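Notes follow the structure.
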Amino acid sequence: MINIAKKVVLIGCLLLACVGLGFDLPDPNPAENGGVGVLQPNAGRNPAIEVPPPPAQDPCLHCHIGGSYQGLWTPAGRWALFGFAGFVFIFGAARSASVLQRRKPWLPLSTQIGSWIDARYQVQSALAKFLDKPVPVWAVRWWYCLGGMTAFLFVVQGVTGIMLAFYYQPTPENAYASIQYIENEVRFGAGVRAIHHWAANGMIILCFAHMMRVFIMGAFKAPRELNWTSGAVLIILVLAFGFTGYLLPWDQRAYWATTVGSEIAGGIPDVGTLILIFLRGGWDITAVTLSRFYGLHILALPITLVLVMAIHFLMVRRLGIKEPL
Amino acid sequence: METKSEDTKTTIPFYPDHLRTEVRVMLWMAAVVLLIGAHGLTNPVGLGNPADPLDTPEHIKPEWYFLGVYQLLKFIPKTAGALLPVAAVALLVLWPFLDRTKDSKRQVMIRTIFSILFCLILIILTIWGGAS
């Protein structure tokens with residue numbers, strides 16, 4: 001037998017769905033229903049804004065990304081607002097019904113969710129060891145934060161990078177135009193690209209500052225040698241990110257900076273030419289270079305960076321922060 | 001962790017005390033990042049002219065964080081110039097295995113002075129490389 005609380009939730013959700021759907025049903029007689037009535041379909045839409053039929057060539061881009069379909073946000077906002085209020089109401093009703101029926105107060109929701117997960121994954125004991133680790137008071141200073149801030153910016157880079165990769169096309173014919181498209185047409189595209197650009201610069205500065213802090217405080221000394229070494233690998237990877245990412249816009253600056261950069265690498269005796277050909281995918285910078293820089297930038301480097309970062313963090317956790325002299 | 005009762009004056013628990021600080025830092029960072037994004041909406045990063053392999057520009061410059069090395073390489077013959085960054089990277093990676101002395105206050109002082117000098121030289125080279 002289903003208890004009352006579950007029934008309340010079920011009926012409430014069904015009701016919510018019906019109401020929500022009713023709002024968005026197309027109006028069969030828009031002229032007759034002049035905005036009055038209990039369940040007015042399309043009630044929120046401004047009649048003054050005429051919704052143009054989507055053009056034949058790119059209907060989806062035109063309506064949803066180009067932003068010409070103004071009515072899109074009204075139903076979404078209505079759903080969010082009334083949906084949230086509805087769920088709060090249903091939750092309240094269900095909890096009241098459950099308390100009434102079982103004659104027992106509910107445990108806090110966070111405790112319930114926690115014990116539900118722990119019953120299945122049994123993470124409590126493992127997490128307790130992680131969470132109970134004491135942090136020395138002297139380590140709560142802003143300069144101990146630099147590494148963590150770099151890691152945070154890496155997450156930002158990951159998210160914005162994925163967003164950019166949705167629109168970016170790594171071919172010499174389309175790369176430049178696709179970035180113009182991101183900057184001018186895609187909603188918030190210019191903002192996302194700006195974040196990716198400036199956070200990349202910030203990451204390099206923070207990385208360097210973190211390294212300087214560790215160097216000055218002598219945190220690289222035994223037994224933390226490998227912490228430093230993995231950190232040095234990380235900073236090289238970050239610079240490689242910068243180098244590969246710089247080519248992707250495929251403008252004059254990018255093209256010639258890559259030319260010079262790979263030429264310098266080509267100057268190394270014996271292996272130089274090999275490195276140059278590997279970087280460029282041939283003697284010249286062509287479509288092959290762009291594809292492999294793109295592949296390095298979005299696949300090889302992130303995977304390597306995450307792995308080395310995991311090692312770096314685990315070692316910091318294991319050995320703790322070095323006490324200043 | 002073994003001497004938890006004694007440590008309470010010199011340590012704080014990671015959860016929730018230290019985690020709260022970290023979340024606060026992350027939220028401030030997120031705010032700054034979003035501000036940069038909002039600024040970028042009206043002032044986009046922009047693009048130069050499309051790449052043209054046949055048109056070599058007069059002044060080729062790498063990203064600003066390679067400008068220092070780039071400027072330095074102008075004064076060094078090509079082979080040595082190419083080996084210098086490799087040697088620098090090797091030195092960087094292997095540094096803790098080369099400097100094995102026990103740490104002291106004096107050493108911290110020396111390292112601080114060395115770091116400041118290094119940063120100054122790097123900044124000067126970067127500005128010089130950017131201006132030339």
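Residue numbers start at 1 in each chain; chains themselves are named A, B, ... in the order of the structure tokens; ligands are numbered from 1 in the order shown.
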
At most 6 Å to chain A: residues in chain B, only C-alpha atoms, as a ChimeraX atom specification: /B:10-15,37-38,40-41,44-45,48-51,61-62,79,82-83,93,96,108,111-112

Go ahead and dump the residues you just picked, C-alpha atoms, as a short mmCIF file (atom, residue, chain, number, x, y, z; two decimals), in the first residue's frame.
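As a result, part_38.cif now contains:
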```cif
data_model
loop_
_atom_site.label_atom_id
_atom_site.label_comp_id
_atom_site.auth_asym_id
_atom_site.auth_seq_id
_atom_site.Cartn_x
_atom_site.Cartn_y
_atom_site.Cartn_z
CA THR B 10 47.42 25.24 16.30
CA THR B 11 45.12 23.53 13.81
CA ILE B 12 41.61 23.93 12.46
CA PRO B 13 39.56 21.03 11.07
CA PHE B 14 39.54 20.74 7.29
CA TYR B 15 35.80 20.23 7.35
CA GLY B 37 33.06 37.70 -18.97
CA ALA B 38 30.65 40.64 -18.64
CA GLY B 40 34.23 40.77 -22.57
CA LEU B 41 30.68 41.08 -23.89
CA PRO B 44 35.65 41.30 -27.04
CA VAL B 45 39.14 39.85 -27.27
CA GLY B 48 43.85 40.27 -36.09
CA ASN B 49 43.93 39.89 -39.85
CA PRO B 50 43.36 36.36 -41.15
CA ALA B 51 46.51 34.26 -41.42
CA LYS B 61 55.84 38.57 -31.41
CA PRO B 62 55.01 35.49 -29.37
CA THR B 79 72.17 26.49 -31.30
CA ALA B 82 67.73 26.61 -28.56
CA LEU B 83 69.55 24.65 -25.88
CA VAL B 93 62.57 19.90 -12.99
CA PRO B 96 65.25 19.75 -5.62
CA VAL B 108 65.41 31.56 2.69
CA ARG B 111 66.36 32.42 -2.24
CA THR B 112 64.15 35.48 -1.71
#
```

DSSP-assigned strand (DSSP E or B) members of segment 66-298 of chain A, reported as a PyMOL selection string: chain A and resi 134-136+251

For the residues in the current selection, export N, CA, C and O atoms as a JSON list (two decimals), in the first residue's frame.
```json
[["chain", "number", "residue", "atom", "x", "y", "z"],
["A", 134, "PRO", "N", 43.44, 17.68, 10.10],
["A", 134, "PRO", "CA", 43.56, 19.04, 10.63],
["A", 134, "PRO", "C", 44.47, 19.91, 9.75],
["A", 134, "PRO", "O", 45.44, 19.43, 9.19],
["A", 135, "VAL", "N", 44.09, 21.18, 9.63],
["A", 135, "VAL", "CA", 44.89, 22.13, 8.85],
["A", 135, "VAL", "C", 45.58, 23.06, 9.83],
["A", 135, "VAL", "O", 44.92, 23.64, 10.68],
["A", 136, "PRO", "N", 46.92, 23.20, 9.72],
["A", 136, "PRO", "CA", 47.60, 24.10, 10.65],
["A", 136, "PRO", "C", 47.14, 25.54, 10.46],
["A", 136, "PRO", "O", 46.84, 25.98, 9.34],
["A", 251, "ASP", "N", 44.85, 33.78, -36.99],
["A", 251, "ASP", "CA", 45.07, 35.11, -37.56],
["A", 251, "ASP", "C", 46.57, 35.31, -37.75],
["A", 251, "ASP", "O", 47.37, 34.41, -37.42]]
```

Backbone DSSP call of alpha helix (DSSP H) for segment 2-118 of chain B, listed as a ChimeraX atom specification: /B:4-7,19-42,64-73,78-98,105-118

Surrounding residues of Phe154 of chain A excluding itself and chain neighbours under 6 positions, 12 Å, only C-alpha atoms, as a ChimeraX atom specification: /A:147-148,160-161,195-196,198-204,206-207,234,237-238,241,301-302,305-306,309 /B:29,33

Quick one: write out the picked residues with N, CA and C atoms as a compact mmCIF listing (two decimals), in the first residue's frame?
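What ended up in again_24.txt:
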```txt
# COMPACT_ATOMS: atom_id res chain seq x y z
N GLY A 147 48.06 27.99 -5.46
CA GLY A 147 47.93 26.76 -6.22
C GLY A 147 46.48 26.37 -6.42
N GLY A 148 45.69 26.49 -5.36
CA GLY A 148 44.27 26.16 -5.46
C GLY A 148 43.56 27.07 -6.44
N THR A 160 34.76 26.66 -20.10
CA THR A 160 34.64 27.60 -21.23
C THR A 160 35.23 26.99 -22.50
N GLY A 161 36.27 26.16 -22.33
CA GLY A 161 36.87 25.52 -23.50
C GLY A 161 35.90 24.59 -24.19
N ILE A 195 36.58 35.14 -21.15
CA ILE A 195 36.94 34.41 -19.93
C ILE A 195 38.06 33.42 -20.24
N HIS A 196 37.92 32.68 -21.35
CA HIS A 196 38.93 31.69 -21.70
C HIS A 196 40.28 32.35 -21.93
N TRP A 198 41.40 35.46 -20.82
CA TRP A 198 42.00 36.11 -19.65
C TRP A 198 42.31 35.12 -18.55
N ALA A 199 41.48 34.09 -18.40
CA ALA A 199 41.78 33.09 -17.37
C ALA A 199 43.04 32.32 -17.72
N ALA A 200 43.32 32.16 -19.03
CA ALA A 200 44.56 31.50 -19.44
C ALA A 200 45.76 32.32 -18.99
N ASN A 201 45.68 33.64 -19.19
CA ASN A 201 46.77 34.51 -18.74
C ASN A 201 46.88 34.49 -17.22
N GLY A 202 45.72 34.54 -16.55
CA GLY A 202 45.72 34.51 -15.09
C GLY A 202 46.33 33.23 -14.57
N MET A 203 46.05 32.12 -15.25
CA MET A 203 46.58 30.83 -14.82
C MET A 203 48.10 30.83 -14.85
N ILE A 204 48.66 31.42 -15.91
CA ILE A 204 50.12 31.44 -16.01
C ILE A 204 50.72 32.28 -14.90
N LEU A 206 49.35 33.00 -11.94
CA LEU A 206 49.16 32.34 -10.65
C LEU A 206 50.10 31.16 -10.47
N CYS A 207 50.27 30.40 -11.56
CA CYS A 207 51.21 29.27 -11.56
C CYS A 207 52.59 29.72 -11.15
N LEU A 234 53.75 20.49 -14.49
CA LEU A 234 52.47 21.18 -14.66
C LEU A 234 52.66 22.54 -15.33
N LEU A 237 53.30 22.13 -18.90
CA LEU A 237 52.06 21.78 -19.60
C LEU A 237 51.19 23.02 -19.81
N VAL A 238 51.14 23.89 -18.78
CA VAL A 238 50.32 25.10 -18.91
C VAL A 238 50.88 25.99 -20.03
N PHE A 241 49.87 24.55 -23.22
CA PHE A 241 48.47 24.93 -23.48
C PHE A 241 48.43 26.30 -24.15
N LEU A 301 46.75 17.39 -23.90
CA LEU A 301 47.21 18.19 -22.77
C LEU A 301 46.25 18.14 -21.57
N PRO A 302 44.93 18.28 -21.77
CA PRO A 302 44.06 18.20 -20.60
C PRO A 302 44.16 16.88 -19.85
N LEU A 305 47.42 16.83 -18.03
CA LEU A 305 47.41 17.80 -16.95
C LEU A 305 46.60 17.28 -15.76
N VAL A 306 45.43 16.68 -16.04
CA VAL A 306 44.59 16.18 -14.95
C VAL A 306 45.31 15.07 -14.20
N MET A 309 48.11 16.58 -12.21
CA MET A 309 47.51 17.37 -11.14
C MET A 309 47.06 16.47 -9.99
N MET B 29 36.68 34.16 -6.71
CA MET B 29 37.30 33.95 -8.03
C MET B 29 36.22 33.87 -9.11
N VAL B 33 35.80 36.09 -12.42
CA VAL B 33 35.72 35.48 -13.75
C VAL B 33 34.46 35.95 -14.48
```
